[in-house]
Structure formats: C-alpha cells, structure tokens
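Chemist: First the structure, then my questions, so here it is.
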Amino acid sequence: MAAEHFPLLRRFSALSSLQPVELCELPTPVEKFADSDLLFIKRDDLTRSDQGGNKPRKLEFVLADIRRRQANRVITMGATGTNAGVATALMCQRENLHCEVITFPQPETDIVRLNQRIMRNAGATLTARGSLFSAALNWYLHPRRLDRKSYFLYAGCSAPVATFAYVNAMLELDQQIRNGELPAPKHIVVAAGSGATVAGIIAGAALVLPQVTVHAIQVAPAKVGSFTACHPDVVSGMVDQVWRSLRNADSTLPAKCNAQWLWHEEYFGEGYGVATPDSRHAISSGGKNGLELESTYSGKAFAAALTLTRQHRQAVLFWQTFARGNEL
Ligand SMILES: Cc1ncc(COP(=O)(O)O)c(C=O)c1O
C-alpha cells in the first residue's frame, strides 16, 4: 500500500487495521481559480476517471468494511440523481456485489437523468419512493436489515469509516502545502450533505492546519420528519467519533478536536437541489473558468467560496467534490 496514498496510516500506524483499498488517483491536484491569488481549488473531481468526486475517497474505506463483513449486497439511499448511488453502483459492478439504491425525488436536471442511466447500466436495482422520509423509512426498515450479507450504506456513502477518508485528504493537502503547491489557506469551503466529508476535513484541520476555519455549506434539509439530517449536530457527532478513533491511535492528541469551523445555512435556499440566484452565478463563473459545478452541492458551496474570498481577502480553498459521471 503506497504510503503517499494513505498518509493517515503513516501518521497513525494503529489505523492500518482499517485496510483501506486504493480506488483513487491521489493526490488530487490543487489549482488557482482563474487568475485569483486568493482562491484555490482542490480538484477532487479527479479522484477517478470513471466517476470522480468525494465518494471514491470514502469508498476506499467503505469497501474495506464491506470486505471485512463479507457482504455480497450493498443497500443505500439517495436522491434520484444521487452521486453516491452512482459511485456505489460502479464499485459494486467492479466488485461483483448486488447494489440496491432507494431513491427520493429531486428536481430533474441533465445530471440527474445521466446518473439514473449510469446506475441502471451498472446493474443497480433502483427503488423509487415518493419522499425523502419514505425512502429513509424503507432503508431503515428494509426486509434484509438483519441479513448479515447485506451492507447498509448510509446516504452519501457515509458509513462511519468514511470520515477517515477526508482526514486522510487533509494530510494529503498538508503535504501539498509543504511542497509549495499552494499557500496555507485561512479558509476551507465545502458542501455538507450527509456531513462525513466536512467532518473529516474538520478533524484533519485540527491535526495539520490549526489556523484554518472550515466552512460547512448546508445543502440539504436540517430535518427529515423527526430525524436530524443536514445539521451541525450531526457533523459534530461525526467529528467526535472520528476524533475518538484518532486519539485511541495516538494518546498524545488533546481530548477534544479543537478545529475552528462554521456552519452556513444561508446558501441553501428553497430546498435540496433547488438552484439559488447565487448558485446560478457561481456555476456560470466556475464554468467560464473550467470548473464544472451543479446546482445541488458544489454550486451552493462555490457561491460561499466566492463570497468568503471577497469578504476576507485571505487565501480560501474550495474543495471541489463534484464530478460528472461517464456514460458506460
Ligand atoms: C457533489 C457532492 N458534493 C458534496 C456532497 C456532500 O458530501 P457529504 O455527504 O459527505 O456531506 C455530496 C454528497 O452527498 C456530493 O454528491
């Protein structure tokens, strides 16, 4: 296993037992946005050539968990155009695992239709439900819930082990800063859906970039029925959980993760997948400069990155988490 692929395991040798599987091409590059000296992009759209984005990083740790449990079926849920569903379906196809994706409606776009086709062509079974609540209920109360060979993968590929992926990514970023590929940012901006990506970034910031403020941009509803969904409490819980594991592996770490982070609900607008004037502007500005964004996640997060760069006049890193999948 290449040490440069998993700097997390070099820093915390006790975590080698996680046995993550190399699925990505790492490190992903960092680039300036347009001709700005302040705004940088971490190109996680390039994690894989078939479908990049933030999911393949998570699946490196999730696949290890699936193998450990000897599961032969993965059951997950997401919106009709779920990027996590696409990444999971493609991984299941490569690994010869059954894949079931329980979906809930979101506004139709070209990307939503493309993702549906990719999942079907990869052999996934798609079960459509009428609302997020009924999809979540179907996932929690699935007839295979007690089947040991079925792996229930939380929305966004966010199994508990997935958070390690973005701690690892922060150690990767730290190395890029040390190599002089970018200045140490004062702000990192990323979309928060299920929360595992930003939780890993927050825990990683406490390890290697204590001066940074992490900005979590809310892109999904805070509540689904009585469940707390896209909410800072969920992210805090994930940070605490991953920090406990890091501290078990290195008892010299402080008891609490003391990274600075802020939750932003002001970019969410009217709903999940519903574009806002700011996100439309951000998507168009990104598109003119070779940065492909969409209206559910990355458009809203990039709108925040543009605003924060203007407000603070300090180095901002936008973490690009989206990649268009390739038709099979
Ligand atoms: C493109 C994109 N960006 C960001 C996210 C949010 O990541 P997370 O679910 O880890 O918060 C997702 C997934 O849900 C996504 O598909």
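Ligands are numbered from 1 in the order shown, residues from 1 within each chain, and chains are lettered A, B, ... in the order they appear in the structure tokens.
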Select from segment 1-126 of chain A everything DSSP, run on the backbone, classes as alpha helix (DSSP H), then give the selection as a count of residues only.
Modeler: 44
Chemist: From a DSSP calculation on the backbone, collect every residue of segment 64-235 of chain A in strand (DSSP E or B) and output the set as a short mmCIF file (atom, residue, chain, number, x, y, z; two decimals) with N, CA and C atoms, in the first residue's frame.
Modeler:
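File written: result.cif
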data_model
loop_
_atom_site.label_atom_id
_atom_site.label_comp_id
_atom_site.auth_asym_id
_atom_site.auth_seq_id
_atom_site.Cartn_x
_atom_site.Cartn_y
_atom_site.Cartn_z
N ARG A 73 -24.00 -7.74 -0.84
CA ARG A 73 -25.04 -6.82 -1.32
C ARG A 73 -24.90 -5.50 -0.58
N VAL A 74 -25.03 -4.40 -1.33
CA VAL A 74 -24.98 -3.08 -0.70
C VAL A 74 -26.33 -2.42 -0.92
N ILE A 75 -26.91 -1.91 0.15
CA ILE A 75 -28.22 -1.23 0.05
C ILE A 75 -28.02 0.19 0.56
N THR A 76 -28.27 1.15 -0.34
CA THR A 76 -28.05 2.54 0.04
C THR A 76 -29.26 3.38 -0.38
N MET A 77 -29.24 4.65 -0.06
CA MET A 77 -30.34 5.53 -0.47
C MET A 77 -29.80 6.90 -0.85
N GLY A 78 -30.59 7.62 -1.64
CA GLY A 78 -30.19 8.96 -2.05
C GLY A 78 -31.26 9.54 -2.97
N ALA A 79 -31.02 10.77 -3.43
CA ALA A 79 -31.96 11.40 -4.36
C ALA A 79 -31.91 10.68 -5.71
N HIS A 98 -24.20 -7.16 -5.35
CA HIS A 98 -25.51 -6.62 -5.71
C HIS A 98 -25.60 -5.20 -5.16
N CYS A 99 -26.32 -4.36 -5.90
CA CYS A 99 -26.46 -2.97 -5.42
C CYS A 99 -27.91 -2.54 -5.51
N GLU A 100 -28.44 -2.05 -4.42
CA GLU A 100 -29.81 -1.52 -4.44
C GLU A 100 -29.77 -0.07 -3.95
N VAL A 101 -30.41 0.80 -4.72
CA VAL A 101 -30.43 2.21 -4.34
C VAL A 101 -31.90 2.63 -4.17
N ILE A 102 -32.26 3.04 -2.97
CA ILE A 102 -33.63 3.52 -2.70
C ILE A 102 -33.60 5.03 -2.90
N THR A 103 -34.48 5.52 -3.76
CA THR A 103 -34.37 6.96 -4.12
C THR A 103 -35.59 7.76 -3.69
N PHE A 104 -35.36 9.06 -3.58
CA PHE A 104 -36.44 10.03 -3.34
C PHE A 104 -36.30 11.14 -4.39
N THR A 125 -30.24 -2.04 -8.77
CA THR A 125 -31.71 -2.04 -8.68
C THR A 125 -32.11 -0.71 -8.06
N LEU A 126 -32.97 0.04 -8.76
CA LEU A 126 -33.41 1.34 -8.23
C LEU A 126 -34.84 1.20 -7.72
N THR A 127 -35.07 1.57 -6.47
CA THR A 127 -36.41 1.53 -5.89
C THR A 127 -36.82 2.96 -5.58
N ALA A 128 -37.81 3.48 -6.33
CA ALA A 128 -38.19 4.89 -6.16
C ALA A 128 -39.26 5.03 -5.08
N SER A 150 -25.90 -8.40 3.86
CA SER A 150 -26.30 -7.12 3.28
C SER A 150 -25.64 -5.99 4.04
N TYR A 151 -25.01 -5.09 3.28
CA TYR A 151 -24.31 -3.96 3.90
C TYR A 151 -25.17 -2.71 3.69
N PHE A 152 -25.65 -2.13 4.78
CA PHE A 152 -26.49 -0.94 4.69
C PHE A 152 -25.60 0.29 4.73
N LEU A 153 -25.52 0.93 3.58
CA LEU A 153 -24.62 2.08 3.43
C LEU A 153 -25.44 3.36 3.52
N HIS A 187 -9.09 29.66 4.99
CA HIS A 187 -10.46 29.17 4.97
C HIS A 187 -10.55 27.97 4.03
N ILE A 188 -11.32 26.95 4.44
CA ILE A 188 -11.64 25.84 3.53
C ILE A 188 -13.16 25.79 3.44
N VAL A 189 -13.66 25.70 2.20
CA VAL A 189 -15.11 25.74 1.97
C VAL A 189 -15.54 24.46 1.29
N VAL A 190 -16.57 23.81 1.85
CA VAL A 190 -17.01 22.54 1.26
C VAL A 190 -18.50 22.34 1.52
N ALA A 191 -19.17 21.65 0.59
CA ALA A 191 -20.60 21.35 0.75
C ALA A 191 -20.79 20.30 1.84
N ALA A 192 -21.85 20.47 2.63
CA ALA A 192 -22.18 19.48 3.67
C ALA A 192 -23.54 18.88 3.37
N THR A 213 -10.11 28.09 9.18
CA THR A 213 -11.53 27.96 9.54
C THR A 213 -12.20 27.15 8.44
N VAL A 214 -12.88 26.08 8.83
CA VAL A 214 -13.59 25.24 7.86
C VAL A 214 -15.04 25.73 7.78
N HIS A 215 -15.51 25.94 6.55
CA HIS A 215 -16.88 26.43 6.34
C HIS A 215 -17.72 25.30 5.74
N ALA A 216 -18.71 24.86 6.48
CA ALA A 216 -19.60 23.79 6.01
C ALA A 216 -20.85 24.43 5.42
N ILE A 217 -21.10 24.17 4.14
CA ILE A 217 -22.23 24.81 3.46
C ILE A 217 -23.40 23.84 3.39
N GLN A 218 -24.45 24.16 4.10
CA GLN A 218 -25.62 23.27 4.18
C GLN A 218 -26.31 23.18 2.81
N LYS A 223 -33.94 18.84 8.88
CA LYS A 223 -34.79 17.80 9.48
C LYS A 223 -35.48 16.99 8.41
N VAL A 224 -35.59 15.69 8.62
CA VAL A 224 -36.41 14.84 7.75
C VAL A 224 -37.37 14.11 8.67
N PHE A 227 -36.17 12.94 12.09
CA PHE A 227 -34.72 12.71 12.07
C PHE A 227 -33.98 14.04 11.88
N THR A 228 -32.87 14.21 12.59
CA THR A 228 -31.99 15.34 12.32
C THR A 228 -31.11 14.93 11.14
#
Chemist: Using only C-alpha atoms, determine which residues lie at most 12 Å from segment 66-68 of chain A, disregarding the query and same-chain residues fewer than 5 positions distant; provide the list as a list in words.
Modeler: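 Non-adjacent residues within range: Ser17, Leu18, Gln19, Pro20, Val21, Leu59, Glu60, Phe61, Arg73, Val74, Ile75, Thr88, Met91, Cys92, Glu95, Asn96, Leu97, Arg148, Lys149, Ser150, Tyr151, Phe152, Leu153, Cys157, Ala159, Val161 and Ala162 of chain A.
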Chemist: Put those residues in a file: C-alpha atoms, as a PDB file, in the first residue's frame.
Modeler:
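For reference, out.pdb as written:
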ATOM      1  CA  SER A  17      -6.186  -2.348  10.601  1.00  0.00           C
ATOM      2  CA  LEU A  18      -8.776  -0.374   8.595  1.00  0.00           C
ATOM      3  CA  GLN A  19      -7.051  -1.765   5.480  1.00  0.00           C
ATOM      4  CA  PRO A  20      -8.437   0.834   3.044  1.00  0.00           C
ATOM      5  CA  VAL A  21      -8.423  -0.163  -0.623  1.00  0.00           C
ATOM      6  CA  LEU A  59     -15.396   4.126  -0.721  1.00  0.00           C
ATOM      7  CA  GLU A  60     -11.697   3.339  -0.185  1.00  0.00           C
ATOM      8  CA  PHE A  61     -12.558   2.896   3.496  1.00  0.00           C
ATOM      9  CA  ARG A  73     -25.037  -6.824  -1.319  1.00  0.00           C
ATOM     10  CA  VAL A  74     -24.977  -3.085  -0.700  1.00  0.00           C
ATOM     11  CA  ILE A  75     -28.216  -1.234   0.055  1.00  0.00           C
ATOM     12  CA  THR A  88     -21.630   2.799  -5.182  1.00  0.00           C
ATOM     13  CA  MET A  91     -17.937  -0.024  -7.266  1.00  0.00           C
ATOM     14  CA  CYS A  92     -20.452  -2.882  -6.814  1.00  0.00           C
ATOM     15  CA  GLU A  95     -16.553  -5.939  -7.074  1.00  0.00           C
ATOM     16  CA  ASN A  96     -19.388  -8.246  -8.151  1.00  0.00           C
ATOM     17  CA  LEU A  97     -21.749  -7.109  -5.408  1.00  0.00           C
ATOM     18  CA  ARG A 148     -25.527 -10.364   7.624  1.00  0.00           C
ATOM     19  CA  LYS A 149     -24.537 -10.417   3.953  1.00  0.00           C
ATOM     20  CA  SER A 150     -26.302  -7.125   3.275  1.00  0.00           C
ATOM     21  CA  TYR A 151     -24.306  -3.955   3.897  1.00  0.00           C
ATOM     22  CA  PHE A 152     -26.493  -0.944   4.693  1.00  0.00           C
ATOM     23  CA  LEU A 153     -24.618   2.080   3.427  1.00  0.00           C
ATOM     24  CA  CYS A 157     -21.533   6.729   1.174  1.00  0.00           C
ATOM     25  CA  ALA A 159     -20.620   4.815   6.746  1.00  0.00           C
ATOM     26  CA  VAL A 161     -15.429   4.681   8.486  1.00  0.00           C
ATOM     27  CA  ALA A 162     -15.945   7.106   5.558  1.00  0.00           C
TER      28      ALA A 162
END
Chemist: If you count only C-alpha atoms and all ligand atoms, which residues end up within 8 Å of ligand 1, as a ChimeraX atom specification?
Modeler: /A:53-55,82-84,155-158,190-199,219,294,296-298,320-323
Chemist: Just write the chosen residues, N, CA and C atoms, as a CSV table (one decimal), in the first residue's frame.
Modeler:
chain,number,residue,atom,x,y,z
A,53,GLY,N,-15.0,12.9,-7.8
A,53,GLY,CA,-15.8,13.5,-6.7
A,53,GLY,C,-15.4,12.9,-5.4
A,54,ASN,N,-16.2,13.3,-4.4
A,54,ASN,CA,-15.8,12.9,-3.0
A,54,ASN,C,-16.1,11.4,-2.6
A,55,LYS,N,-17.0,10.8,-3.4
A,55,LYS,CA,-17.4,9.4,-3.0
A,55,LYS,C,-16.3,8.4,-3.1
A,82,THR,N,-28.6,10.7,-7.3
A,82,THR,CA,-27.5,10.6,-6.3
A,82,THR,C,-26.1,10.3,-6.9
A,83,ASN,N,-25.2,11.1,-6.6
A,83,ASN,CA,-23.8,10.9,-7.0
A,83,ASN,C,-23.2,9.7,-6.2
A,84,ALA,N,-23.7,9.6,-4.9
A,84,ALA,CA,-23.2,8.5,-4.1
A,84,ALA,C,-23.7,7.1,-4.6
A,155,ALA,N,-26.7,7.2,3.3
A,155,ALA,CA,-26.7,8.2,2.2
A,155,ALA,C,-25.4,8.9,2.1
A,156,GLY,N,-24.9,9.2,0.9
A,156,GLY,CA,-23.7,9.9,0.7
A,156,GLY,C,-22.5,9.0,0.9
A,157,CYS,N,-22.6,7.7,0.9
A,157,CYS,CA,-21.5,6.7,1.2
A,157,CYS,C,-20.9,7.0,2.6
A,158,SER,N,-21.8,7.5,3.5
A,158,SER,CA,-21.2,8.0,4.8
A,158,SER,C,-21.4,6.9,5.9
A,190,VAL,N,-16.6,23.8,1.8
A,190,VAL,CA,-17.0,22.5,1.3
A,190,VAL,C,-18.5,22.3,1.5
A,191,ALA,N,-19.2,21.6,0.6
A,191,ALA,CA,-20.6,21.3,0.8
A,191,ALA,C,-20.8,20.3,1.8
A,192,ALA,N,-21.8,20.5,2.6
A,192,ALA,CA,-22.2,19.5,3.7
A,192,ALA,C,-23.5,18.9,3.4
A,193,GLY,N,-23.6,17.6,3.1
A,193,GLY,CA,-24.8,16.8,2.8
A,193,GLY,C,-25.0,15.9,4.0
A,194,SER,N,-24.5,14.7,3.9
A,194,SER,CA,-24.6,13.7,5.0
A,194,SER,C,-23.6,14.2,6.1
A,195,GLY,N,-22.5,14.9,5.7
A,195,GLY,CA,-21.6,15.5,6.7
A,195,GLY,C,-20.3,14.9,6.9
A,196,ALA,N,-20.1,13.7,6.3
A,196,ALA,CA,-18.8,13.0,6.5
A,196,ALA,C,-17.6,13.7,5.9
A,197,THR,N,-17.8,14.3,4.8
A,197,THR,CA,-16.7,15.0,4.1
A,197,THR,C,-16.2,16.1,5.0
A,198,VAL,N,-17.1,17.0,5.4
A,198,VAL,CA,-16.7,18.1,6.2
A,198,VAL,C,-16.2,17.7,7.5
A,199,ALA,N,-16.8,16.6,8.1
A,199,ALA,CA,-16.3,16.2,9.4
A,199,ALA,C,-14.9,15.7,9.4
A,219,VAL,N,-26.5,21.9,2.3
A,219,VAL,CA,-27.2,21.8,1.0
A,219,VAL,C,-28.4,20.9,1.1
A,294,GLU,N,-22.6,22.0,-10.1
A,294,GLU,CA,-24.0,21.7,-10.3
A,294,GLU,C,-24.8,22.3,-9.2
A,296,THR,N,-27.0,21.2,-6.9
A,296,THR,CA,-27.4,20.6,-5.6
A,296,THR,C,-26.3,20.9,-4.5
A,297,TYR,N,-25.0,20.6,-4.9
A,297,TYR,CA,-24.0,20.7,-3.9
A,297,TYR,C,-23.0,21.8,-4.2
A,298,SER,N,-22.2,21.5,-5.2
A,298,SER,CA,-21.0,22.3,-5.5
A,298,SER,C,-21.3,23.8,-5.9
A,320,GLN,N,-13.5,21.0,-4.3
A,320,GLN,CA,-14.5,20.6,-5.4
A,320,GLN,C,-14.8,19.1,-5.1
A,321,THR,N,-16.1,18.8,-4.9
A,321,THR,CA,-16.5,17.5,-4.6
A,321,THR,C,-17.3,16.8,-5.7
A,322,PHE,N,-17.6,17.6,-6.7
A,322,PHE,CA,-18.5,17.1,-7.8
A,322,PHE,C,-17.7,16.6,-9.0
A,323,ALA,N,-18.1,15.5,-9.7
A,323,ALA,CA,-17.6,15.2,-11.0
A,323,ALA,C,-18.7,14.5,-11.8
Chemist: Taking 5 positions as the minimum chain separation for residues in the same chain, which residues sit within 8 Å of Val274 of chain A when counting only C-alpha atoms? Answer as a count of residues only.
Modeler: 4
Chemist: Near segment 255-268 of chain A, within 10 Å and counting only C-alpha atoms, which residues show up once chain neighbours fewer than 3 positions away are dropped, as number ranges by chain?
Modeler: A: 187-189, 191-192, 198-199, 201-222, 230-232, 235-236, 239-240, 242-244, 246-247, 251-252, 271-279, 296-297, 299-304
